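Text of the file start.txt, holding compact mmCIF, C-alpha atoms:
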```txt
# COMPACT_ATOMS: atom_id res chain seq x y z
CA MET W 236 87.08 24.23 23.04
CA ALA W 237 84.40 23.25 20.56
CA ASP W 238 85.09 23.88 16.90
CA LEU W 239 83.79 27.31 15.83
CA VAL W 240 82.19 28.14 12.50
CA GLN W 241 81.27 31.55 11.09
CA MET W 242 77.48 31.73 10.84
CA ASN W 243 74.76 34.28 10.41
CA MET W 244 71.56 33.88 12.42
CA ILE W 245 69.73 31.92 9.71
CA GLN W 246 72.58 29.44 9.47
CA ALA W 247 72.78 29.15 13.27
CA LEU W 248 69.06 28.45 13.57
CA ASN W 249 69.18 25.93 10.74
CA ASN W 250 72.13 24.21 12.41
CA ALA W 251 70.26 24.04 15.74
CA LEU W 252 67.20 22.51 14.07
CA ASP W 253 69.39 20.01 12.20
CA ILE W 254 71.11 18.92 15.43
CA TYR W 255 67.81 18.53 17.24
CA MET W 256 66.02 16.71 14.44
CA ARG W 257 68.92 14.27 14.24
CA ARG W 258 68.84 13.69 18.00
CA GLU W 259 65.08 13.50 18.61
CA ALA W 260 63.07 11.20 16.35
CA THR W 261 59.78 12.65 17.64
CA ALA W 262 60.63 16.21 16.56
CA ILE W 263 58.78 17.58 13.54
CA ILE W 264 58.87 20.92 11.73
CA MET W 265 55.65 22.37 10.34
CA GLY W 266 54.53 25.66 8.87
CA GLU W 267 53.88 27.56 5.68
CA ASP W 268 56.51 26.81 3.01
CA VAL W 269 58.97 25.22 5.46
CA GLY W 270 59.40 22.05 3.37
CA GLY W 271 61.04 22.05 -0.05
CA PHE W 272 61.16 25.86 -0.12
CA GLY W 273 62.96 26.04 3.24
CA GLY W 274 60.80 28.80 4.70
CA VAL W 275 60.42 32.36 3.46
CA PHE W 276 63.76 33.27 5.12
CA ARG W 277 65.33 29.83 4.41
CA VAL W 278 65.76 28.87 8.07
CA THR W 279 64.55 25.29 7.35
CA GLU W 280 66.40 24.94 4.03
CA GLY W 281 67.56 21.39 3.33
CA LEU W 282 65.84 19.83 6.33
CA GLN W 283 63.00 18.19 4.40
CA GLN W 284 65.52 16.59 2.06
CA LYS W 285 67.43 15.27 5.05
CA TYR W 286 64.56 14.14 7.31
CA GLY W 287 61.71 13.51 4.89
CA ALA W 288 58.31 15.05 4.21
CA GLU W 289 56.71 13.26 7.16
CA ARG W 290 58.89 15.19 9.59
CA VAL W 291 59.32 18.53 7.78
CA PHE W 292 56.16 19.55 5.97
CA ASP W 293 54.13 22.43 4.63
CA THR W 294 50.79 23.39 6.12
CA PRO W 295 47.77 25.30 4.81
CA LEU W 296 47.77 29.08 5.25
CA ALA W 297 45.80 28.79 8.48
CA GLU W 298 47.68 29.77 11.63
CA ALA W 299 44.95 28.67 14.05
CA GLY W 300 44.95 25.28 12.40
CA ILE W 301 48.74 25.05 12.42
CA VAL W 302 49.06 25.75 16.15
CA GLY W 303 45.94 23.77 17.09
CA THR W 304 47.25 20.74 15.21
CA ALA W 305 50.66 21.16 16.85
CA ILE W 306 49.04 21.14 20.30
CA GLY W 307 47.35 17.84 19.50
CA MET W 308 50.61 16.42 18.22
CA ALA W 309 52.43 17.47 21.39
CA LEU W 310 49.78 15.80 23.53
CA GLY W 311 50.19 12.70 21.38
CA GLY W 312 53.91 12.41 22.08
CA LEU W 313 55.43 14.28 19.17
CA GLN W 314 57.45 17.47 19.54
CA PRO W 315 56.25 20.06 17.04
CA ILE W 316 58.46 22.97 15.99
CA VAL W 317 56.08 25.46 14.42
CA GLU W 318 57.12 28.26 12.09
CA ILE W 319 54.79 31.23 11.73
CA GLN W 320 55.93 32.92 8.52
CA PHE W 321 55.86 36.42 10.06
CA ALA W 322 55.00 37.32 13.65
CA ASP W 323 52.32 39.63 12.24
CA PHE W 324 50.46 36.54 11.01
CA VAL W 325 50.23 34.86 14.42
CA PHE W 326 47.06 36.56 15.58
CA PRO W 327 44.59 34.05 14.07
CA ALA W 328 46.41 31.50 16.29
CA PHE W 329 46.36 33.75 19.36
CA ASP W 330 43.49 31.82 20.98
CA GLN W 331 45.26 28.49 20.49
CA ILE W 332 48.48 29.84 22.01
CA VAL W 333 47.17 31.79 25.01
CA ASN W 334 44.02 29.81 25.82
CA GLU W 335 45.16 26.29 25.03
CA ALA W 336 48.95 25.86 24.86
CA ALA W 337 49.72 28.25 27.73
CA LYS W 338 47.09 26.85 30.08
CA TYR W 339 47.38 23.13 29.52
CA ARG W 340 49.70 22.36 32.44
CA TYR W 341 47.47 24.42 34.76
CA ARG W 342 44.15 22.94 33.62
CA CYS W 343 45.34 19.35 34.15
CA GLY W 344 46.95 20.01 37.53
CA GLY W 345 50.47 19.48 36.25
CA GLN W 346 49.85 16.00 34.84
CA TYR W 347 50.74 17.00 31.29
CA GLY W 348 52.76 19.67 29.57
CA LEU W 349 53.11 20.84 26.00
CA LYS W 350 56.67 20.52 24.71
CA MET W 351 56.57 22.72 21.64
CA VAL W 352 58.31 25.74 20.16
CA ILE W 353 56.62 28.40 18.04
CA ARG W 354 59.21 30.25 15.95
CA MET W 355 58.44 33.51 14.20
CA PRO W 356 60.42 36.31 12.52
CA TYR W 357 59.54 39.65 14.08
CA GLY W 358 60.35 43.36 14.00
CA GLY W 359 61.51 45.92 11.49
CA GLY W 360 64.54 46.29 9.32
CA ILE W 361 63.30 44.99 5.95
CA ARG W 362 60.84 47.75 4.97
CA GLY W 363 57.93 45.40 5.48
CA GLY W 364 55.41 47.99 6.61
CA HIS W 365 52.58 47.48 9.06
CA TYR W 366 51.83 43.81 8.24
CA HIS W 367 55.39 42.46 8.26
CA SER W 368 57.27 44.43 10.93
CA GLN W 369 55.40 44.20 14.22
CA SER W 370 56.88 43.25 17.60
CA PRO W 371 54.22 41.29 19.54
CA GLU W 372 56.37 40.02 22.44
CA ALA W 373 54.37 41.85 25.13
CA TYR W 374 51.16 40.01 24.20
CA PHE W 375 52.77 36.66 24.94
CA ALA W 376 54.83 37.79 27.94
CA HIS W 377 51.51 38.83 29.51
CA THR W 378 50.32 35.20 29.40
CA PRO W 379 51.16 32.84 32.31
CA GLY W 380 52.34 29.47 31.03
CA LEU W 381 54.35 30.72 28.07
CA ARG W 382 58.06 31.39 27.78
CA VAL W 383 59.14 34.15 25.44
CA VAL W 384 62.68 34.24 24.05
CA ILE W 385 64.44 36.68 21.69
CA PRO W 386 68.05 36.12 20.56
CA SER W 387 70.23 39.03 19.50
CA GLY W 388 72.81 37.27 17.32
CA PRO W 389 73.83 33.94 15.76
CA TYR W 390 75.54 32.52 18.87
CA GLU W 391 72.55 33.40 21.04
CA ALA W 392 70.09 32.12 18.45
CA LYS W 393 71.51 28.60 18.31
CA GLY W 394 72.05 28.20 22.06
CA LEU W 395 68.65 29.61 22.99
CA LEU W 396 66.78 27.60 20.36
CA LEU W 397 68.34 24.34 21.54
CA ALA W 398 67.45 25.27 25.13
CA ALA W 399 63.89 26.10 24.04
CA LEU W 400 63.59 22.77 22.25
CA ASP W 401 64.67 20.99 25.44
CA CYS W 402 62.19 23.00 27.56
CA PRO W 403 59.10 21.10 28.79
CA ASP W 404 56.88 24.18 28.39
CA PRO W 405 55.62 25.96 25.24
CA VAL W 406 58.11 28.56 24.04
CA VAL W 407 57.39 31.53 21.78
CA PHE W 408 60.70 32.08 19.99
CA LEU W 409 60.91 35.46 18.26
CA GLU W 410 63.67 35.97 15.70
CA PRO W 411 64.72 39.54 14.78
CA LYS W 412 64.65 39.42 11.00
CA LYS W 413 66.85 42.54 10.79
CA VAL W 414 69.68 40.43 12.24
CA TYR W 415 69.05 37.32 10.12
CA ARG W 416 71.82 38.04 7.59
CA SER W 417 73.37 41.28 8.83
CA VAL W 418 75.68 39.77 11.47
CA LYS W 419 78.11 36.86 11.37
CA THR W 420 79.86 35.50 14.46
CA HIS W 421 81.76 32.40 15.51
CA VAL W 422 79.33 29.71 16.64
CA PRO W 423 80.20 26.26 18.06
CA LYS W 424 79.26 23.66 15.46
CA ASP W 425 78.20 21.13 18.10
CA TYR W 426 75.32 21.09 20.60
CA TYR W 427 75.24 23.76 23.33
CA THR W 428 72.54 25.66 25.20
CA ILE W 429 72.10 29.10 26.75
CA PRO W 430 69.91 29.18 29.89
CA LEU W 431 66.45 30.52 29.10
CA GLU W 432 66.02 32.71 32.17
CA LYS W 433 69.42 34.42 32.23
CA ALA W 434 70.36 37.80 30.81
CA ALA W 435 73.86 38.37 29.44
CA LEU W 436 76.17 41.09 30.72
CA VAL W 437 77.60 42.36 27.44
CA ARG W 438 79.64 45.28 28.75
CA GLU W 439 80.50 46.50 32.24
CA GLY W 440 80.18 50.18 33.12
CA ARG W 441 79.62 52.55 36.01
CA ASP W 442 77.50 55.49 34.80
CA ALA W 443 74.25 53.88 33.62
CA THR W 444 72.65 50.53 32.79
CA LEU W 445 71.35 50.03 29.25
CA VAL W 446 69.08 47.00 28.67
CA ALA W 447 68.05 45.83 25.20
CA TYR W 448 67.11 42.67 23.30
CA GLY W 449 66.84 41.41 19.75
CA ALA W 450 67.88 43.81 17.00
CA MET W 451 68.06 46.66 19.52
CA MET W 452 71.25 45.16 20.94
CA GLU W 453 73.18 46.45 17.94
CA VAL W 454 71.68 49.90 18.48
CA ALA W 455 72.72 49.69 22.14
CA ARG W 456 76.31 48.79 21.21
CA GLU W 457 76.55 51.65 18.72
CA ALA W 458 75.10 54.16 21.19
CA VAL W 459 77.49 53.06 23.93
CA LEU W 460 80.49 53.59 21.64
CA LEU W 461 79.27 57.13 20.96
CA ALA W 462 78.73 57.66 24.69
CA GLU W 463 82.23 56.39 25.40
CA GLY W 464 83.57 59.08 23.09
CA GLU W 465 81.89 61.65 25.32
CA GLY W 466 83.43 60.17 28.45
CA TYR W 467 80.46 58.08 29.63
CA ASP W 468 80.90 54.50 30.84
CA VAL W 469 77.70 52.50 30.20
CA GLU W 470 76.88 48.95 31.27
CA VAL W 471 74.96 46.88 28.68
CA ILE W 472 72.67 43.92 29.36
CA ASP W 473 71.15 41.65 26.69
CA LEU W 474 67.83 40.48 28.16
CA LEU W 475 67.53 37.34 25.93
CA SER W 476 64.60 35.86 27.87
CA ILE W 477 61.61 38.19 27.81
CA TRP W 478 59.58 36.00 30.12
CA PRO W 479 60.62 34.92 32.64
CA TYR W 480 63.16 37.74 32.56
CA ASP W 481 66.32 38.03 34.64
CA LEU W 482 65.35 40.76 37.08
CA LYS W 483 68.23 39.85 39.38
CA ALA W 484 70.81 40.74 36.72
CA VAL W 485 69.14 44.07 35.97
CA LEU W 486 68.82 44.98 39.67
CA SER W 487 72.44 44.06 40.34
CA SER W 488 73.56 46.42 37.60
CA VAL W 489 71.23 49.27 38.59
CA GLU W 490 72.35 49.09 42.21
CA LYS W 491 75.86 49.82 40.91
CA THR W 492 75.05 52.50 38.32
CA GLY W 493 71.91 54.10 39.80
CA ARG W 494 70.47 54.69 36.33
CA LEU W 495 68.47 52.56 33.88
CA LEU W 496 67.42 52.84 30.25
CA VAL W 497 65.59 50.09 28.36
CA ILE W 498 65.34 49.91 24.55
CA GLN W 499 62.54 48.13 22.68
CA GLU W 500 61.44 48.52 19.08
CA ALA W 501 57.82 47.69 19.95
CA PRO W 502 55.42 50.57 20.65
CA GLN W 503 56.14 52.22 23.98
CA THR W 504 52.88 51.76 25.89
CA CYS W 505 52.48 48.56 27.96
CA GLY W 506 55.69 47.04 26.63
CA VAL W 507 58.52 44.97 28.11
CA ALA W 508 60.39 48.16 29.01
CA ALA W 509 57.49 49.37 31.15
CA GLU W 510 57.47 46.11 33.11
CA LEU W 511 61.20 46.28 33.77
CA LEU W 512 61.10 49.92 34.84
CA ALA W 513 58.19 49.26 37.21
CA GLU W 514 59.96 46.40 38.97
CA VAL W 515 63.28 48.23 39.24
CA GLN W 516 61.54 51.33 40.62
CA ARG W 517 59.80 49.19 43.24
CA ARG W 518 62.84 47.22 44.33
CA ALA W 519 65.72 49.69 43.90
CA PHE W 520 64.10 53.08 44.43
CA THR W 521 66.55 54.22 47.11
CA ARG W 522 69.55 53.45 44.86
CA LEU W 523 68.34 55.47 41.87
CA ARG W 524 70.17 58.64 40.88
CA ALA W 525 67.98 59.66 37.93
CA PRO W 526 64.51 58.96 36.51
CA LEU W 527 64.16 55.60 34.76
CA ARG W 528 63.85 55.94 31.01
CA ARG W 529 62.75 53.88 27.99
CA ILE W 530 63.42 54.32 24.29
CA ALA W 531 60.86 52.63 22.06
CA GLY W 532 58.95 52.65 18.83
CA PHE W 533 56.02 55.03 18.64
CA ASP W 534 52.40 54.22 19.52
CA THR W 535 51.41 53.98 15.86
CA PRO W 536 51.16 51.21 13.28
CA PHE W 537 54.61 50.35 11.97
CA PRO W 538 55.26 52.69 9.03
CA TYR W 539 56.75 51.81 5.66
CA ALA W 540 58.39 55.02 4.44
CA LEU W 541 59.38 56.24 7.91
CA GLU W 542 60.85 53.01 9.27
CA ASP W 543 64.20 54.62 10.12
CA HIS W 544 62.43 57.35 12.06
CA TYR W 545 60.18 54.87 13.88
CA LEU W 546 62.90 52.50 15.08
CA PRO W 547 65.09 53.58 18.02
CA SER W 548 68.41 54.88 16.71
CA LYS W 549 71.84 55.24 18.28
CA GLU W 550 71.35 59.01 18.23
CA ARG W 551 68.07 58.79 20.16
CA VAL W 552 69.64 56.42 22.68
CA LEU W 553 72.72 58.62 23.09
CA ASP W 554 70.54 61.67 23.72
CA VAL W 555 68.62 59.89 26.49
CA LEU W 556 71.80 58.45 27.96
CA ARG W 557 73.33 61.89 28.09
CA LYS W 558 70.28 63.44 29.77
CA THR W 559 70.04 60.58 32.27
CA ILE W 560 73.68 60.61 33.30
CA GLU W 561 73.76 64.41 33.55
CA PHE W 562 70.46 64.60 35.47
```
So, in terms of structure tokens, how does the structure I just supplied come out?
Amino acid sequence: MADLVQMNMIQALNNALDIYMRREATAIIMGEDVGGFGGVFRVTEGLQQKYGAERVFDTPLAEAGIVGTAIGMALGGLQPIVEIQFADFVFPAFDQIVNEAAKYRYRCGGQYGLKMVIRMPYGGGIRGGHYHSQSPEAYFAHTPGLRVVIPSGPYEAKGLLLAALDCPDPVVFLEPKKVYRSVKTHVPKDYYTIPLEKAALVREGRDATLVAYGAMMEVAREAVLLAEGEGYDVEVIDLLSIWPYDLKAVLSSVEKTGRLLVIQEAPQTCGVAAELLAEVQRRAFTRLRAPLRRIAGFDTPFPYALEDHYLPSKERVLDVLRKTIEF
């Protein structure tokens, strides 16, 4: 067994980047304050000192320019690893991501691809308010040609990031900032990957299936412990890959339990949960024993003072679990 080291998510991501930069001479890291400062959350700390300012460097505060330049670099044979300082800041680069990076393989008939990863901290948990707490995963999952990945903990973060860096397609890699320093787990210190299109079965159960991703996995775990105290046995799935997502794993679970709840911290309407519920309803309708349910943020801008009320809580999840199982 590989040597294990206690890491939080920031350390695990930094370790993955270090391993990859050491292995691949064409890999570069670029973004706002990623150089000597190590990024606003310190994910790239120490990497410029180790690999030099030509490979780890700061950019202007211009997200469209950052991503557009990275696309050109990828076409030129380099492998850019882009950091967007907060996911909320990505929207000036939205055209470059969805109209250029996502479509390049299609527009050239498969002759070329863009091997690049766009990392960005996302979601609530730090009282950042409406410009530092958004969850934009659905925008990118809606775009053919992109992969969208969200780890839930340190082990998942390192394995998924290394898999994303090996992927020949552009990957939007969203990092739940609430989990950055709040969880430590044992992580292999050497290279390993987690498949990008596979969900993880976290807990087996018989009464209902609970699907979550990112920071909502901790909420799911806490809610399931409360449900267990009331005599309910809930299966838990960590989605990990938002697009393409592992529908087979979700269907397999729902066919056993007959019930499904999906948690997302993004606003409810047109989110990842809605897509999952629609596909499960279409493919497993005759096996369902209760209405499909979702627990999400509200259809409002992300609040500052009411963050705890906005984010799905273990109490909200338990209430919906109870109503679903007793339906």
Discussion item. Need the shell around W:Pro403: protein/DNA/RNA residues with any atom at most 8 Å away, counting all atoms listed in the file. Skip same-chain ones fewer than 4 positions apart. Format as number ranges by chain?
Written reply: W: 348-351
Fill in: Atom-to-atom span, atom CA of W:Cys402 and atom CA of W:Lys419, Å
26.6 Å
Worksheet item: Which of these, W:Asp323, W:Glu432, W:Gly273, W:Ala288, has the shortest distance to W:Gly364 once you count only C-alpha atoms?
Response: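 The shortest atom-to-atom distance to W:Gly364 comes from W:Asp323.
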Response to the item:
Using all atoms listed in the file, the residue out of W:Leu461, W:Ile477, W:Ala540, W:Leu495 with shortest distance to W:Val407 is W:Ile477
Discussion item. Applying 12 Å and all atoms listed in the file, which residues near W:Ser488 remain after dropping the ones on its own chain fewer than 6 positions away? List them as a PyMOL selection string.
Written reply: chain W and resi 434-446+469-472+481-482+494-496+515+519+522-523
How about saving the chosen residues, C-alpha atoms kept, as a PDB file, keeping the file's coordinate frame?
```
ATOM      1  CA  ALA W 434      70.360  37.800  30.810  1.00  0.00           C
ATOM      2  CA  ALA W 435      73.860  38.370  29.440  1.00  0.00           C
ATOM      3  CA  LEU W 436      76.170  41.090  30.720  1.00  0.00           C
ATOM      4  CA  VAL W 437      77.600  42.360  27.440  1.00  0.00           C
ATOM      5  CA  ARG W 438      79.640  45.280  28.750  1.00  0.00           C
ATOM      6  CA  GLU W 439      80.500  46.500  32.240  1.00  0.00           C
ATOM      7  CA  GLY W 440      80.180  50.180  33.120  1.00  0.00           C
ATOM      8  CA  ARG W 441      79.620  52.550  36.010  1.00  0.00           C
ATOM      9  CA  ASP W 442      77.500  55.490  34.800  1.00  0.00           C
ATOM     10  CA  ALA W 443      74.250  53.880  33.620  1.00  0.00           C
ATOM     11  CA  THR W 444      72.650  50.530  32.790  1.00  0.00           C
ATOM     12  CA  LEU W 445      71.350  50.030  29.250  1.00  0.00           C
ATOM     13  CA  VAL W 446      69.080  47.000  28.670  1.00  0.00           C
ATOM     14  CA  VAL W 469      77.700  52.500  30.200  1.00  0.00           C
ATOM     15  CA  GLU W 470      76.880  48.950  31.270  1.00  0.00           C
ATOM     16  CA  VAL W 471      74.960  46.880  28.680  1.00  0.00           C
ATOM     17  CA  ILE W 472      72.670  43.920  29.360  1.00  0.00           C
ATOM     18  CA  ASP W 481      66.320  38.030  34.640  1.00  0.00           C
ATOM     19  CA  LEU W 482      65.350  40.760  37.080  1.00  0.00           C
ATOM     20  CA  ARG W 494      70.470  54.690  36.330  1.00  0.00           C
ATOM     21  CA  LEU W 495      68.470  52.560  33.880  1.00  0.00           C
ATOM     22  CA  LEU W 496      67.420  52.840  30.250  1.00  0.00           C
ATOM     23  CA  VAL W 515      63.280  48.230  39.240  1.00  0.00           C
ATOM     24  CA  ALA W 519      65.720  49.690  43.900  1.00  0.00           C
ATOM     25  CA  ARG W 522      69.550  53.450  44.860  1.00  0.00           C
ATOM     26  CA  LEU W 523      68.340  55.470  41.870  1.00  0.00           C
TER      27      LEU W 523
END
```
Fill in: Selection as a PyMOL selection string: residues within 7 Å of (69.6, 39.1, 20.8), counting only C-alpha atoms
chain W and resi 385-388+391+448-450+452+473+475
Worksheet entry | Selected residue, from W:Leu431, W:Leu310, W:Ala509, W:Val384, that lies nearest to W:Tyr347 when counting only C-alpha atoms | W:Leu310
Fill in: Closest of W:Pro315, W:Pro411, W:Gly266, W:Gly344 to W:Gly358 - atom-to-atom distances counting only C-alpha atoms
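Looking only at the distances to W:Gly358, the closest residue turns out to be W:Pro411.
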Worksheet item: Which residue out of W:Glu550, W:Asp268, W:Glu318, W:Asp404 has the minimum interatomic distance to W:Ala336 when all atoms listed in the file are used?
Response: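 Under the stated criterion, the closest residue is W:Asp404.
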Worksheet, complete the sentence: Min atom-atom distance to W:Glu465 from the set W:Val507, W:Leu248, W:Ala322, W:Leu556, counting only C-alpha atoms, belongs to W:Leu556
Discussion item. One decimal, in Å: what's the spacing between atom CA of W:Thr521 and atom CA of W:Glu561?
Written reply: 18.4 Å
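Atom CA of W:Leu313 lies 17.9 Å from atom CA of W:Val269.
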For W:Ala373, find every residue with an atom within 7 Å (counting only C-alpha atoms), except residues of its own chain fewer than 2 positions away, and show them as a CSV table (one decimal) with C-alpha atoms, in the frame of the given file.
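New file selection-v4.csv:
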```csv
chain,number,residue,atom,x,y,z
W,371,PRO,CA,54.2,41.3,19.5
W,375,PHE,CA,52.8,36.7,24.9
W,376,ALA,CA,54.8,37.8,27.9
W,377,HIS,CA,51.5,38.8,29.5
W,506,GLY,CA,55.7,47.0,26.6
W,507,VAL,CA,58.5,45.0,28.1
```
Could you work out an axis-aligned bounding box for all listed atoms of stretch 342-351 of chain W, with 5 Å added on each of the six sides, and give its centre and edge lengths in Å to one decimal, as AutoDock Vina command-line options?
```
--center_x 50.4 --center_y 19.5 --center_z 29.6 --size_x 22.5 --size_y 16.9 --size_z 25.9
```
Item to complete: Name the residues in contact with W:Val459 at a cut-off of 8 Å, using all atoms listed in the file, excluding same-chain residues fewer than 2 positions from it; report them as an NGL selection string.
Response: :W and (455-457 or 461-463 or 468-469 or 553)
Just add N, CA and C atoms to stretch 411-431 of chain W and send it as a PDB file, keeping the file's coordinate frame.
```pdb
ATOM      1  N   PRO W 411      64.651  38.202  15.391  1.00  0.00           N
ATOM      2  CA  PRO W 411      64.720  39.540  14.780  1.00  0.00           C
ATOM      3  C   PRO W 411      65.206  39.459  13.335  1.00  0.00           C
ATOM      4  N   LYS W 412      64.295  39.640  12.411  1.00  0.00           N
ATOM      5  CA  LYS W 412      64.650  39.420  11.000  1.00  0.00           C
ATOM      6  C   LYS W 412      65.697  40.420  10.504  1.00  0.00           C
ATOM      7  N   LYS W 413      65.813  41.579  11.166  1.00  0.00           N
ATOM      8  CA  LYS W 413      66.850  42.540  10.790  1.00  0.00           C
ATOM      9  C   LYS W 413      68.246  41.957  10.986  1.00  0.00           C
ATOM     10  N   VAL W 414      68.370  41.004  11.915  1.00  0.00           N
ATOM     11  CA  VAL W 414      69.680  40.430  12.240  1.00  0.00           C
ATOM     12  C   VAL W 414      69.942  39.145  11.452  1.00  0.00           C
ATOM     13  N   TYR W 415      68.937  38.618  10.776  1.00  0.00           N
ATOM     14  CA  TYR W 415      69.050  37.320  10.120  1.00  0.00           C
ATOM     15  C   TYR W 415      70.350  37.173   9.322  1.00  0.00           C
ATOM     16  N   ARG W 416      70.634  38.147   8.466  1.00  0.00           N
ATOM     17  CA  ARG W 416      71.820  38.040   7.590  1.00  0.00           C
ATOM     18  C   ARG W 416      72.821  39.169   7.796  1.00  0.00           C
ATOM     19  N   SER W 417      72.530  40.087   8.707  1.00  0.00           N
ATOM     20  CA  SER W 417      73.370  41.280   8.830  1.00  0.00           C
ATOM     21  C   SER W 417      74.581  41.073   9.726  1.00  0.00           C
ATOM     22  N   VAL W 418      74.596  40.002  10.519  1.00  0.00           N
ATOM     23  CA  VAL W 418      75.680  39.770  11.470  1.00  0.00           C
ATOM     24  C   VAL W 418      76.179  38.341  11.332  1.00  0.00           C
ATOM     25  N   LYS W 419      77.501  38.187  11.314  1.00  0.00           N
ATOM     26  CA  LYS W 419      78.110  36.860  11.370  1.00  0.00           C
ATOM     27  C   LYS W 419      79.044  36.795  12.571  1.00  0.00           C
ATOM     28  N   THR W 420      78.969  35.696  13.318  1.00  0.00           N
ATOM     29  CA  THR W 420      79.860  35.500  14.460  1.00  0.00           C
ATOM     30  C   THR W 420      80.325  34.056  14.482  1.00  0.00           C
ATOM     31  N   HIS W 421      81.300  33.778  15.326  1.00  0.00           N
ATOM     32  CA  HIS W 421      81.760  32.400  15.510  1.00  0.00           C
ATOM     33  C   HIS W 421      80.777  31.658  16.409  1.00  0.00           C
ATOM     34  N   VAL W 422      80.316  30.522  15.926  1.00  0.00           N
ATOM     35  CA  VAL W 422      79.330  29.710  16.640  1.00  0.00           C
ATOM     36  C   VAL W 422      79.868  28.283  16.766  1.00  0.00           C
ATOM     37  N   PRO W 423      79.796  27.667  17.949  1.00  0.00           N
ATOM     38  CA  PRO W 423      80.200  26.260  18.060  1.00  0.00           C
ATOM     39  C   PRO W 423      79.356  25.393  17.129  1.00  0.00           C
ATOM     40  N   LYS W 424      80.007  24.477  16.422  1.00  0.00           N
ATOM     41  CA  LYS W 424      79.260  23.660  15.460  1.00  0.00           C
ATOM     42  C   LYS W 424      78.495  22.531  16.140  1.00  0.00           C
ATOM     43  N   ASP W 425      78.856  22.216  17.379  1.00  0.00           N
ATOM     44  CA  ASP W 425      78.200  21.130  18.100  1.00  0.00           C
ATOM     45  C   ASP W 425      77.077  21.674  18.998  1.00  0.00           C
ATOM     46  N   TYR W 426      76.444  20.759  19.715  1.00  0.00           N
ATOM     47  CA  TYR W 426      75.320  21.090  20.600  1.00  0.00           C
ATOM     48  C   TYR W 426      75.790  21.929  21.793  1.00  0.00           C
ATOM     49  N   TYR W 427      75.058  22.997  22.097  1.00  0.00           N
ATOM     50  CA  TYR W 427      75.240  23.760  23.330  1.00  0.00           C
ATOM     51  C   TYR W 427      73.943  24.511  23.605  1.00  0.00           C
ATOM     52  N   THR W 428      73.746  24.907  24.839  1.00  0.00           N
ATOM     53  CA  THR W 428      72.540  25.660  25.200  1.00  0.00           C
ATOM     54  C   THR W 428      72.920  26.913  25.978  1.00  0.00           C
ATOM     55  N   ILE W 429      72.027  27.889  25.935  1.00  0.00           N
ATOM     56  CA  ILE W 429      72.100  29.100  26.750  1.00  0.00           C
ATOM     57  C   ILE W 429      70.885  29.085  27.662  1.00  0.00           C
ATOM     58  N   PRO W 430      71.054  29.242  28.973  1.00  0.00           N
ATOM     59  CA  PRO W 430      69.910  29.180  29.890  1.00  0.00           C
ATOM     60  C   PRO W 430      68.807  30.165  29.493  1.00  0.00           C
ATOM     61  N   LEU W 431      67.569  29.713  29.573  1.00  0.00           N
ATOM     62  CA  LEU W 431      66.450  30.520  29.100  1.00  0.00           C
ATOM     63  C   LEU W 431      66.115  31.712  30.001  1.00  0.00           C
TER      64      LEU W 431
END
```
